[in-house]
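Undergrad: Structure: protein_6.cif, mmCIF, C-alpha atoms.
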data_structure
#
loop_
_atom_site.label_atom_id
_atom_site.label_comp_id
_atom_site.auth_asym_id
_atom_site.auth_seq_id
_atom_site.Cartn_x
_atom_site.Cartn_y
_atom_site.Cartn_z
CA MET R 1 -3.09 26.58 -21.43
CA LYS R 2 -4.60 28.91 -18.83
CA ILE R 3 -6.55 28.38 -15.61
CA THR R 4 -10.09 29.63 -16.12
CA ALA R 5 -12.03 28.60 -13.01
CA ILE R 6 -11.55 27.23 -9.49
CA GLU R 7 -14.45 25.67 -7.57
CA THR R 8 -14.54 24.45 -3.98
CA PHE R 9 -16.78 21.79 -2.44
CA VAL R 10 -17.19 21.41 1.33
CA LEU R 11 -18.58 17.96 2.07
CA SER R 12 -18.11 17.79 5.84
CA ASN R 13 -15.86 19.02 8.63
CA ARG R 14 -13.28 16.52 7.35
CA ARG R 15 -13.79 16.74 3.60
CA ALA R 16 -13.25 19.65 1.20
CA LEU R 17 -12.33 19.36 -2.48
CA VAL R 18 -11.18 21.84 -5.09
CA LYS R 19 -11.50 21.63 -8.89
CA VAL R 20 -9.19 23.66 -11.13
CA SER R 21 -10.37 24.04 -14.76
CA THR R 22 -8.48 25.24 -17.84
CA ASP R 23 -9.26 26.62 -21.28
CA GLU R 24 -8.05 23.36 -22.84
CA GLY R 25 -10.77 21.33 -21.17
CA VAL R 26 -8.35 19.63 -18.77
CA SER R 27 -9.30 19.80 -15.09
CA GLY R 28 -7.57 18.74 -11.91
CA TRP R 29 -8.84 17.88 -8.43
CA GLY R 30 -7.32 18.29 -4.98
CA GLU R 31 -8.29 17.76 -1.36
CA HIS R 32 -7.60 20.85 0.72
CA THR R 33 -9.34 19.84 3.89
CA LEU R 34 -8.20 20.44 7.44
CA GLU R 35 -10.10 18.38 9.95
CA ASN R 36 -12.54 20.63 11.88
CA TRP R 37 -11.67 23.66 9.74
CA ALA R 38 -12.93 22.71 6.28
CA ARG R 39 -14.70 26.00 5.59
CA THR R 40 -11.85 28.06 7.02
CA VAL R 41 -9.36 26.42 4.64
CA THR R 42 -11.84 26.77 1.79
CA ALA R 43 -11.91 30.53 2.37
CA ALA R 44 -8.10 30.54 2.07
CA VAL R 45 -8.30 28.51 -1.16
CA GLU R 46 -10.74 31.01 -2.63
CA ARG R 47 -8.44 33.90 -1.72
CA MET R 48 -5.40 32.13 -3.21
CA SER R 49 -7.36 31.38 -6.37
CA GLU R 50 -7.04 35.03 -7.32
CA HIS R 51 -3.34 34.35 -7.97
CA LEU R 52 -4.12 31.42 -10.28
CA ILE R 53 -6.84 32.58 -12.67
CA GLY R 54 -5.22 33.20 -16.05
CA ALA R 55 -1.96 31.47 -15.08
CA ASP R 56 -0.27 28.53 -16.80
CA PRO R 57 -1.12 25.49 -14.61
CA LEU R 58 1.97 23.59 -15.77
CA ALA R 59 4.34 26.02 -14.00
CA ILE R 60 3.70 24.25 -10.70
CA THR R 61 6.79 25.31 -8.76
CA ARG R 62 6.40 28.95 -9.74
CA LEU R 63 2.74 28.91 -8.73
CA TRP R 64 3.55 27.06 -5.50
CA GLN R 65 5.99 29.81 -4.55
CA ASN R 66 3.33 32.44 -5.18
CA LEU R 67 0.76 30.58 -3.10
CA ALA R 68 3.02 29.55 -0.23
CA ARG R 69 5.08 32.72 0.08
CA GLY R 70 3.26 35.45 -1.80
CA GLY R 71 0.97 36.57 1.01
CA TYR R 72 3.93 37.56 3.22
CA TYR R 73 2.46 35.54 6.10
CA ARG R 74 2.93 31.86 5.46
CA GLY R 75 2.88 28.36 6.89
CA GLY R 76 0.66 26.88 9.55
CA PRO R 77 -2.14 24.36 9.08
CA VAL R 78 -4.73 26.59 7.38
CA LEU R 79 -2.57 28.24 4.73
CA SER R 80 -0.48 25.12 4.11
CA SER R 81 -3.63 23.02 3.66
CA ALA R 82 -5.02 25.54 1.17
CA VAL R 83 -1.78 25.41 -0.81
CA ALA R 84 -1.86 21.61 -0.60
CA GLY R 85 -5.24 21.18 -2.27
CA LEU R 86 -4.42 23.57 -5.10
CA ASP R 87 -1.01 21.96 -5.56
CA GLN R 88 -2.59 18.50 -5.88
CA ALA R 89 -4.98 19.84 -8.52
CA LEU R 90 -2.11 21.39 -10.51
CA TRP R 91 -0.20 18.10 -10.52
CA ASP R 92 -3.41 16.33 -11.54
CA ILE R 93 -3.75 18.71 -14.50
CA LYS R 94 -0.14 18.27 -15.56
CA GLY R 95 -0.36 14.49 -15.43
CA ARG R 96 -3.59 14.49 -17.42
CA TRP R 97 -2.18 16.93 -19.98
CA LEU R 98 0.86 14.68 -20.51
CA ASP R 99 -1.17 11.47 -20.04
CA VAL R 100 1.04 10.08 -17.25
CA PRO R 101 0.61 9.51 -13.51
CA VAL R 102 2.22 12.09 -11.25
CA HIS R 103 4.94 9.72 -10.04
CA GLU R 104 6.27 9.56 -13.60
CA LEU R 105 6.76 13.34 -13.44
CA LEU R 106 8.65 12.94 -10.14
CA GLY R 107 11.26 10.65 -11.68
CA GLY R 108 9.38 7.45 -12.37
CA PRO R 109 8.28 4.57 -10.16
CA THR R 110 10.52 3.17 -7.45
CA ARG R 111 8.17 0.26 -6.67
CA ASP R 112 5.27 -1.68 -8.13
CA HIS R 113 3.03 -1.60 -5.09
CA ALA R 114 2.72 0.28 -1.82
CA ARG R 115 2.26 -1.38 1.55
CA ALA R 116 -0.93 -0.25 3.29
CA TYR R 117 -1.97 -0.27 6.91
CA ALA R 118 -5.25 0.13 8.73
CA HIS R 119 -6.44 0.94 12.24
CA ALA R 120 -7.54 -1.78 14.65
CA ASN R 121 -9.05 0.30 17.46
CA ARG R 122 -11.96 -0.37 19.76
CA ASP R 123 -13.61 1.96 22.25
CA GLY R 124 -12.53 1.28 25.81
CA ARG R 125 -9.24 -0.52 25.13
CA THR R 126 -5.94 -0.35 23.28
CA GLY R 127 -6.56 -2.36 20.13
CA ASP R 128 -9.22 -4.83 19.06
CA PRO R 129 -7.88 -8.37 18.46
CA GLU R 130 -10.98 -9.41 16.49
CA LEU R 131 -10.83 -6.41 14.14
CA ALA R 132 -7.11 -7.02 13.76
CA LYS R 133 -7.79 -10.58 12.64
CA ARG R 134 -10.29 -9.34 10.05
CA HIS R 135 -7.65 -6.97 8.67
CA LEU R 136 -5.20 -9.85 8.52
CA ALA R 137 -7.74 -12.00 6.69
CA ALA R 138 -7.98 -9.21 4.09
CA GLY R 139 -4.21 -9.40 3.58
CA LEU R 140 -2.90 -6.49 5.67
CA ASP R 141 0.27 -7.09 7.65
CA LEU R 142 0.69 -3.72 9.38
CA LEU R 143 -1.85 -2.43 11.92
CA LYS R 144 -2.05 0.63 14.15
CA VAL R 145 -3.87 1.21 17.41
CA ALA R 146 -4.16 4.02 19.96
CA PRO R 147 -4.62 4.03 23.76
CA ARG R 148 -8.12 4.61 25.03
CA GLY R 149 -9.12 7.97 26.41
CA PRO R 150 -7.10 10.84 27.89
CA VAL R 151 -3.68 10.28 29.43
CA GLY R 152 -2.61 12.20 32.51
CA PHE R 153 0.64 14.13 32.76
CA ILE R 154 1.98 11.37 35.03
CA GLU R 155 -0.29 8.34 35.01
CA THR R 156 -0.60 5.52 37.52
CA PRO R 157 1.37 2.30 37.08
CA ALA R 158 -1.96 0.53 36.56
CA ARG R 159 -2.76 2.70 33.52
CA VAL R 160 0.63 1.95 31.97
CA ASP R 161 0.19 -1.75 32.72
CA GLU R 162 -3.22 -1.68 31.03
CA ILE R 163 -1.83 -0.24 27.79
CA VAL R 164 1.09 -2.66 27.72
CA GLU R 165 -1.04 -5.69 28.56
CA GLN R 166 -3.69 -4.92 25.94
CA LEU R 167 -1.01 -4.40 23.31
CA GLY R 168 0.42 -7.73 24.38
CA GLU R 169 -2.95 -9.37 23.84
CA LEU R 170 -3.07 -7.85 20.37
CA ARG R 171 0.42 -9.12 19.59
CA GLN R 172 -0.55 -12.60 20.75
CA ALA R 173 -3.66 -12.50 18.56
CA VAL R 174 -1.86 -11.55 15.34
CA GLY R 175 1.46 -13.34 15.84
CA GLY R 176 5.01 -12.32 15.11
CA HIS R 177 4.71 -12.01 11.32
CA VAL R 178 2.53 -8.90 11.53
CA ASP R 179 3.83 -5.42 12.28
CA LEU R 180 2.06 -3.40 14.95
CA CYS R 181 2.44 0.26 15.81
CA ILE R 182 0.89 2.52 18.41
CA ASP R 183 -0.32 6.05 17.87
CA LEU R 184 0.17 8.02 21.08
CA HIS R 185 -1.65 10.92 19.36
CA GLY R 186 0.21 13.68 21.17
CA ARG R 187 -1.50 12.66 24.41
CA PHE R 188 1.67 11.87 26.35
CA SER R 189 3.90 14.20 28.31
CA VAL R 190 7.68 13.78 28.13
CA PRO R 191 7.85 11.91 31.46
CA MET R 192 4.95 9.63 30.53
CA ALA R 193 6.46 8.85 27.13
CA ARG R 194 9.80 8.09 28.78
CA ARG R 195 8.00 5.75 31.16
CA ILE R 196 6.01 3.74 28.63
CA LEU R 197 8.29 3.45 25.59
CA PRO R 198 10.83 1.08 27.21
CA ARG R 199 7.95 -1.13 28.38
CA LEU R 200 6.94 -1.67 24.75
CA GLU R 201 10.26 -3.15 23.64
CA PRO R 202 9.26 -6.85 24.03
CA LEU R 203 6.32 -6.32 21.67
CA GLY R 204 8.56 -5.51 18.71
CA LEU R 205 6.51 -2.52 17.53
CA ALA R 206 7.24 -1.05 14.12
CA PHE R 207 6.99 2.46 15.55
CA ALA R 208 5.42 4.65 18.21
CA GLU R 209 3.69 7.61 16.58
CA GLU R 210 3.47 11.19 17.82
CA PRO R 211 4.49 10.62 21.44
CA LEU R 212 4.57 14.41 21.99
CA ARG R 213 2.48 17.33 20.86
CA PRO R 214 3.94 19.12 17.83
CA GLU R 215 4.80 22.23 19.82
CA HIS R 216 7.24 20.06 21.79
CA SER R 217 9.08 18.77 18.72
CA ASP R 218 12.36 20.18 20.03
CA LEU R 219 12.18 17.66 22.89
CA ILE R 220 11.66 14.56 20.78
CA GLY R 221 15.36 13.79 20.63
CA ASP R 222 15.22 12.94 24.35
CA LEU R 223 12.66 10.24 23.56
CA VAL R 224 14.59 8.91 20.56
CA ARG R 225 17.62 8.38 22.78
CA CYS R 226 15.68 6.56 25.52
CA SER R 227 13.27 4.58 23.34
CA PRO R 228 13.92 1.06 22.02
CA VAL R 229 10.86 1.59 19.78
CA PRO R 230 11.38 3.61 16.56
CA ILE R 231 9.70 7.01 16.75
CA ALA R 232 7.39 8.36 14.04
CA THR R 233 5.84 11.82 13.87
CA GLY R 234 4.94 14.71 11.58
CA GLU R 235 1.23 14.75 10.80
CA ARG R 236 0.97 18.20 12.42
CA LEU R 237 4.09 19.68 10.85
CA TYR R 238 3.72 21.66 7.65
CA GLN R 239 7.10 22.70 6.21
CA ARG R 240 10.54 21.30 5.45
CA THR R 241 12.02 23.51 8.15
CA GLU R 242 9.80 21.92 10.80
CA PHE R 243 10.76 18.43 9.65
CA ARG R 244 14.46 19.26 9.74
CA ARG R 245 14.34 19.54 13.54
CA ILE R 246 12.81 16.12 14.10
CA LEU R 247 15.04 14.47 11.50
CA GLU R 248 18.12 15.85 13.18
CA ALA R 249 16.72 14.48 16.46
CA GLY R 250 16.77 10.98 14.93
CA VAL R 251 13.15 10.00 14.31
CA ALA R 252 12.82 6.88 12.18
CA VAL R 253 9.65 7.70 10.23
CA VAL R 254 8.20 11.05 9.14
CA GLN R 255 4.48 11.38 8.45
CA PRO R 256 3.71 14.53 6.45
CA ASP R 257 0.13 14.90 5.26
CA VAL R 258 -0.17 15.69 1.56
CA SER R 259 -3.35 17.68 2.24
CA HIS R 260 -1.78 19.73 5.04
CA ALA R 261 1.96 20.04 4.34
CA GLY R 262 1.91 22.03 1.11
CA GLY R 263 0.79 19.26 -1.22
CA ILE R 264 2.78 16.94 -3.46
CA THR R 265 5.42 19.60 -4.10
CA GLU R 266 6.39 20.02 -0.44
CA VAL R 267 5.89 16.42 0.69
CA PHE R 268 8.20 15.22 -2.08
CA ARG R 269 10.84 17.62 -0.76
CA ILE R 270 10.26 16.41 2.81
CA ALA R 271 10.71 12.81 1.68
CA THR R 272 13.95 13.69 -0.09
CA GLN R 273 15.14 15.52 3.01
CA ALA R 274 14.30 12.47 5.17
CA GLU R 275 16.43 10.23 2.97
CA VAL R 276 19.51 12.22 4.00
CA TYR R 277 18.85 11.21 7.63
CA ASP R 278 18.12 7.53 6.83
CA ALA R 279 14.46 8.07 7.74
CA GLN R 280 11.47 6.67 5.92
CA VAL R 281 8.16 8.24 4.95
CA ALA R 282 4.68 7.03 5.91
CA PRO R 283 2.25 9.72 4.69
CA HIS R 284 -0.49 10.60 7.14
CA CYS R 285 -3.91 10.22 5.52
CA PRO R 286 -7.16 9.84 7.46
CA LEU R 287 -8.91 11.72 4.65
CA GLY R 288 -10.61 11.00 1.31
CA PRO R 289 -9.69 9.31 -1.96
CA LEU R 290 -7.96 12.33 -3.52
CA ALA R 291 -5.64 12.73 -0.54
CA LEU R 292 -4.94 9.00 -0.59
CA ALA R 293 -4.20 9.01 -4.32
CA ALA R 294 -1.86 12.00 -3.92
CA SER R 295 -0.10 10.25 -1.03
CA LEU R 296 0.36 7.14 -3.14
CA GLN R 297 1.93 9.16 -5.94
CA ILE R 298 4.63 10.10 -3.40
CA ALA R 299 4.87 6.47 -2.28
CA PHE R 300 5.56 5.29 -5.82
CA ALA R 301 8.09 8.04 -6.51
CA VAL R 302 10.43 8.05 -3.49
CA PRO R 303 12.86 5.30 -2.48
CA ASN R 304 12.37 5.74 1.29
CA PHE R 305 8.65 5.00 1.50
CA TYR R 306 7.58 2.81 4.45
CA ALA R 307 3.80 2.35 4.43
CA GLN R 308 0.58 4.17 3.56
CA GLU R 309 -2.20 4.82 6.03
CA LEU R 310 -5.59 3.90 4.57
CA SER R 311 -8.06 6.76 4.61
CA PHE R 312 -11.04 4.41 4.42
CA ASP R 313 -11.55 0.71 4.88
CA PRO R 314 -12.25 -0.81 1.46
CA HIS R 315 -12.99 -4.17 3.04
CA LEU R 316 -16.14 -2.85 4.73
CA GLY R 317 -17.99 -2.10 1.48
CA PRO R 318 -19.07 1.19 -0.12
CA SER R 319 -18.63 4.40 1.88
CA ASP R 320 -19.11 8.12 1.36
CA ASP R 321 -15.50 8.22 0.16
CA THR R 322 -15.70 5.39 -2.36
CA ARG R 323 -18.92 6.80 -3.82
CA LEU R 324 -16.98 9.89 -4.93
CA MET R 325 -14.87 7.74 -7.29
CA ARG R 326 -15.83 6.13 -10.56
CA ASP R 327 -13.57 3.13 -9.85
CA PRO R 328 -12.67 2.65 -6.17
CA SER R 329 -10.83 -0.59 -6.97
CA VAL R 330 -7.65 1.27 -7.96
CA LEU R 331 -7.18 2.26 -4.29
CA THR R 332 -8.18 -1.09 -2.82
CA PRO R 333 -5.24 -3.08 -1.43
CA VAL R 334 -4.72 -6.63 -2.57
CA GLU R 335 -2.84 -8.77 -0.06
CA GLY R 336 -2.10 -5.62 1.89
CA ARG R 337 -0.63 -3.73 -1.06
CA VAL R 338 -2.03 -1.05 -3.38
CA ARG R 339 -0.89 -1.64 -6.93
CA ARG R 340 0.89 1.20 -8.66
CA LEU R 341 -1.59 3.72 -10.03
CA THR R 342 -1.30 3.94 -13.81
CA GLY R 343 -4.05 6.43 -14.66
CA PRO R 344 -3.08 10.00 -15.57
CA GLY R 345 -2.60 12.69 -12.95
CA LEU R 346 -3.48 11.53 -9.44
CA GLY R 347 -4.64 8.23 -10.95
CA VAL R 348 -8.27 8.34 -9.82
CA GLU R 349 -11.43 9.51 -11.54
CA ILE R 350 -13.78 11.65 -9.46
CA ASP R 351 -17.53 11.46 -10.03
CA GLU R 352 -18.29 15.19 -10.18
CA ASP R 353 -22.04 14.65 -9.94
CA ALA R 354 -21.52 12.68 -6.72
CA VAL R 355 -19.32 15.47 -5.33
CA ARG R 356 -21.87 18.15 -6.12
CA ALA R 357 -24.64 16.07 -4.57
CA ALA R 358 -22.57 15.61 -1.40
CA VAL R 359 -21.94 19.32 -0.75
CA ASP R 360 -23.05 20.27 2.75
CA THR R 361 -24.43 23.80 3.03
CA GLY R 362 -25.67 23.50 6.59
CA PRO R 363 -23.90 23.30 9.96
CA LEU R 364 -21.00 20.87 9.73
CA GLY R 365 -21.22 19.58 13.27
CA PRO R 366 -18.70 19.65 16.12
CA GLY R 367 -15.86 17.79 14.37
CA SER R 368 -13.23 16.15 16.58
CA PRO R 369 -14.24 15.57 20.21
CA ILE R 370 -13.18 17.83 23.06
CA TRP R 371 -11.91 15.77 25.97
CA THR R 372 -11.41 16.73 29.60
CA HIS R 373 -9.61 15.20 32.55
CA GLY R 374 -11.49 14.31 35.72
CA ASP R 375 -11.03 17.81 37.11
CA GLY R 376 -12.56 19.41 34.01
CA SER R 377 -9.28 20.63 32.51
CA PHE R 378 -8.53 20.21 28.81
CA ALA R 379 -7.23 16.80 27.68
CA GLU R 380 -5.58 15.95 24.35
CA TRP R 381 -7.74 13.89 22.02
#
Let me see whether you can do it: turn the structure in this file into structure tokens.
TA:
Amino acid sequence: MKITAIETFVLSNRRALVKVSTDEGVSGWGEHTLENWARTVTAAVERMSEHLIGADPLAITRLWQNLARGGYYRGGPVLSSAVAGLDQALWDIKGRWLDVPVHELLGGPTRDHARAYAHANRDGRTGDPELAKRHLAAGLDLLKVAPRGPVGFIETPARVDEIVEQLGELRQAVGGHVDLCIDLHGRFSVPMARRILPRLEPLGLAFAEEPLRPEHSDLIGDLVRCSPVPIATGERLYQRTEFRRILEAGVAVVQPDVSHAGGITEVFRIATQAEVYDAQVAPHCPLGPLALAASLQIAFAVPNFYAQELSFDPHLGPSDDTRLMRDPSVLTPVEGRVRRLTGPGLGVEIDEDAVRAAVDTGPLGPGSPIWTHGDGSFAEW
């Protein structure tokens, strides 16, 4: 079997897909997006494709080495995301060729279903109790929220009180049988994180996510040692070597993104590495159905899986994401759990006509917002 064609499809600033075709009629799909940089990553995919045409798609590790290391310069979000999408498509081909889901190729299932979690945010506050209750009614028992707006380098006591009090209201609304976590989104400085994390202890949070920007990963051990709340991070890290630092620092949960961190091949290695440090894996995934399906293949294969972020809310009806699939129900959680995917490859069927119809050839828009502090200086989103 040989790779004969590779096509890319840019759908938005947050969505880009790749299709890898072979001379045996078997094709695989991947999601190579990088939020705000979809066309930039697509250009990298098209350049890397020159190394794949005519190659055996089943030799995934060999091809991964060529893609990830063969250009001399390597790593980073753009190149790692390009590798990720192609890697997903290669695993999809191999699973379809052998008529098994990818997790069977990674050693077989470790669980029958994967716990899912959703976001319960509302503009202007930390968490929305009413949205949280709707998620609970749909069966979810793990919810995540983020603080409103920018956070100063050293904030006022009133701002800290606001975050803690609103989280407390959310805890009161959902009760003690539901897990809550907070995504600090890299907005906090070291002193601000040290100030707020101990205040969150009475709320029994499952974890506090990304308290620091990724460039400050070497400092995260200071927070682990002072924080009664488990620390999670990793959505903006792209290689095993980057995860080693935070694992040695003692984080509880790592969050590699299967569309950014080198695909299934690298995320599986990161998960295995995390197991050595008694850390669990909660794949980051605010993306589309292919990225979610690839993340779930990891979830079903590794023993140290914690929970899966939902890339779309299936309880709110059809969306642009669900319309790309022939059967969205395979990714829809039941009682807060996604049943083990049993279809071949990534386990989902893409509607190619819907993908082609959704291609955006015009301006993709501004993407993520640019925030500023009151003095006009840059603020983390």
Undergrad: Under the rule of at most 12 Å, produce a per-residue listing of range 126-194 of chain R near range 219-222 of chain R: chain, number, name, the closest pair of atoms, and the distance in Å, as CSV, using all atoms listed in the file.
TA:
residue,atom,partner,partner_atom,distance
R:Gly186,CA,R:Ile220,CA,11.5
R:Phe188,CA,R:Ile220,CA,11.7
R:Ser189,CA,R:Leu219,CA,10.5
R:Val190,CA,R:Leu219,CA,7.9
R:Pro191,CA,R:Asp222,CA,10.3
R:Ala193,CA,R:Ile220,CA,10.0
R:Arg194,CA,R:Asp222,CA,8.5
Undergrad: Would you pick out the contacts of range 115-117 of chain R at 12 Å or less, using all atoms listed in the file, so that residues sharing its chain but fewer than 4 positions from it are not included, and give the list as an MDAnalysis selection string?
TA: chainID R and resid 111 132 135:136 138:145 178:181 206 281:286 292 295:296 299:300 305:314 331:340
Undergrad: Can you tell me which residues surround Val100 in chain R at a distance of at most 7 Å, considering only C-alpha atoms, apart from same-chain residues fewer than 3 positions away, and format the answer as an MDAnalysis selection string?
TA: chainID R and resid 95:96 104 343:345
Undergrad: Using 3 Å of padding on each side, determine the axis-aligned box around all atoms of range 134-152 of chain R present in the file and give its centre and edge lengths in Å to one decimal, as JSON.
TA:
{"center_x": -4.8, "center_y": 0.1, "center_z": 18.0, "size_x": 17.0, "size_y": 30.2, "size_z": 34.9}
Undergrad: Any chance you could work out the residue set of the PyMOL selection byres ((chain R and resi 255-260) around 8) here, as a VMD selection string?
TA: chain R and resid 31 to 34 77 to 78 80 to 82 84 to 85 232 to 238 253 to 254 261 to 264 267 270 281 to 285 291 294 to 295
Undergrad: Ala249 in chain R: which residues within 10 Å, counting all atoms listed in the file, same-chain residues fewer than 3 positions away excluded, as a ChimeraX atom specification?
TA: /R:217-225,243-246,252,277
Undergrad: Using the chain letters and numbers from the file, give me the residues hit by the PyMOL selection byres ((chain R and resi 159) around 12), as an MDAnalysis selection string.
TA: chainID R and resid 125:126 147:158 160:166 192 195:196
Undergrad: Interatomic distance between CA of Val302 in chain R and CA of Leu290 in chain R?
TA: 18.9 Å
Undergrad: So how many Å separate CA of Ala118 in chain R and CA of His185 in chain R, to one decimal?
TA: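 Between CA of Ala118 in chain R and CA of His185 in chain R the gap is 15.6 Å.
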Undergrad: Could you tell me which of R:Val174, R:Leu17, R:Leu86, R:Val102 comes closest to Arg47 in chain R if we count only C-alpha atoms?
TA: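 Smallest distance to Arg47 in chain R is found for R:Leu86.
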Undergrad: Evaluated on this file, the PyMOL selection byres ((chain R and resi 71) around 12) picks out some residues - which ones are they, written as an MDAnalysis selection string?
TA: chainID R and resid 44 47:48 50:51 64:70 72:75 79:80 83
Undergrad: Would you mind exporting C-alpha atoms of the selected residues as a compact mmCIF listing (two decimals), in the frame of the given file?
TA:
# COMPACT_ATOMS: atom_id res chain seq x y z
CA ALA R 44 -8.10 30.54 2.07
CA ARG R 47 -8.44 33.90 -1.72
CA MET R 48 -5.40 32.13 -3.21
CA GLU R 50 -7.04 35.03 -7.32
CA HIS R 51 -3.34 34.35 -7.97
CA TRP R 64 3.55 27.06 -5.50
CA GLN R 65 5.99 29.81 -4.55
CA ASN R 66 3.33 32.44 -5.18
CA LEU R 67 0.76 30.58 -3.10
CA ALA R 68 3.02 29.55 -0.23
CA ARG R 69 5.08 32.72 0.08
CA GLY R 70 3.26 35.45 -1.80
CA TYR R 72 3.93 37.56 3.22
CA TYR R 73 2.46 35.54 6.10
CA ARG R 74 2.93 31.86 5.46
CA GLY R 75 2.88 28.36 6.89
CA LEU R 79 -2.57 28.24 4.73
CA SER R 80 -0.48 25.12 4.11
CA VAL R 83 -1.78 25.41 -0.81
Undergrad: Is it possible to get the residues within 6 Å of (1.9, 3.4, 18.0) (coordinates as in the file, counting all atoms listed in the file) written as number ranges by chain?
TA: R: 181-184, 207-209
Undergrad: Rank R:Glu24, R:Asp128, R:Leu58, R:Gly374 by their smallest atom-to-atom distance to Leu105 in chain R, using only C-alpha atoms, and report the top residue only.
TA: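 Smallest separation from Leu105 in chain R among the options: R:Leu58.
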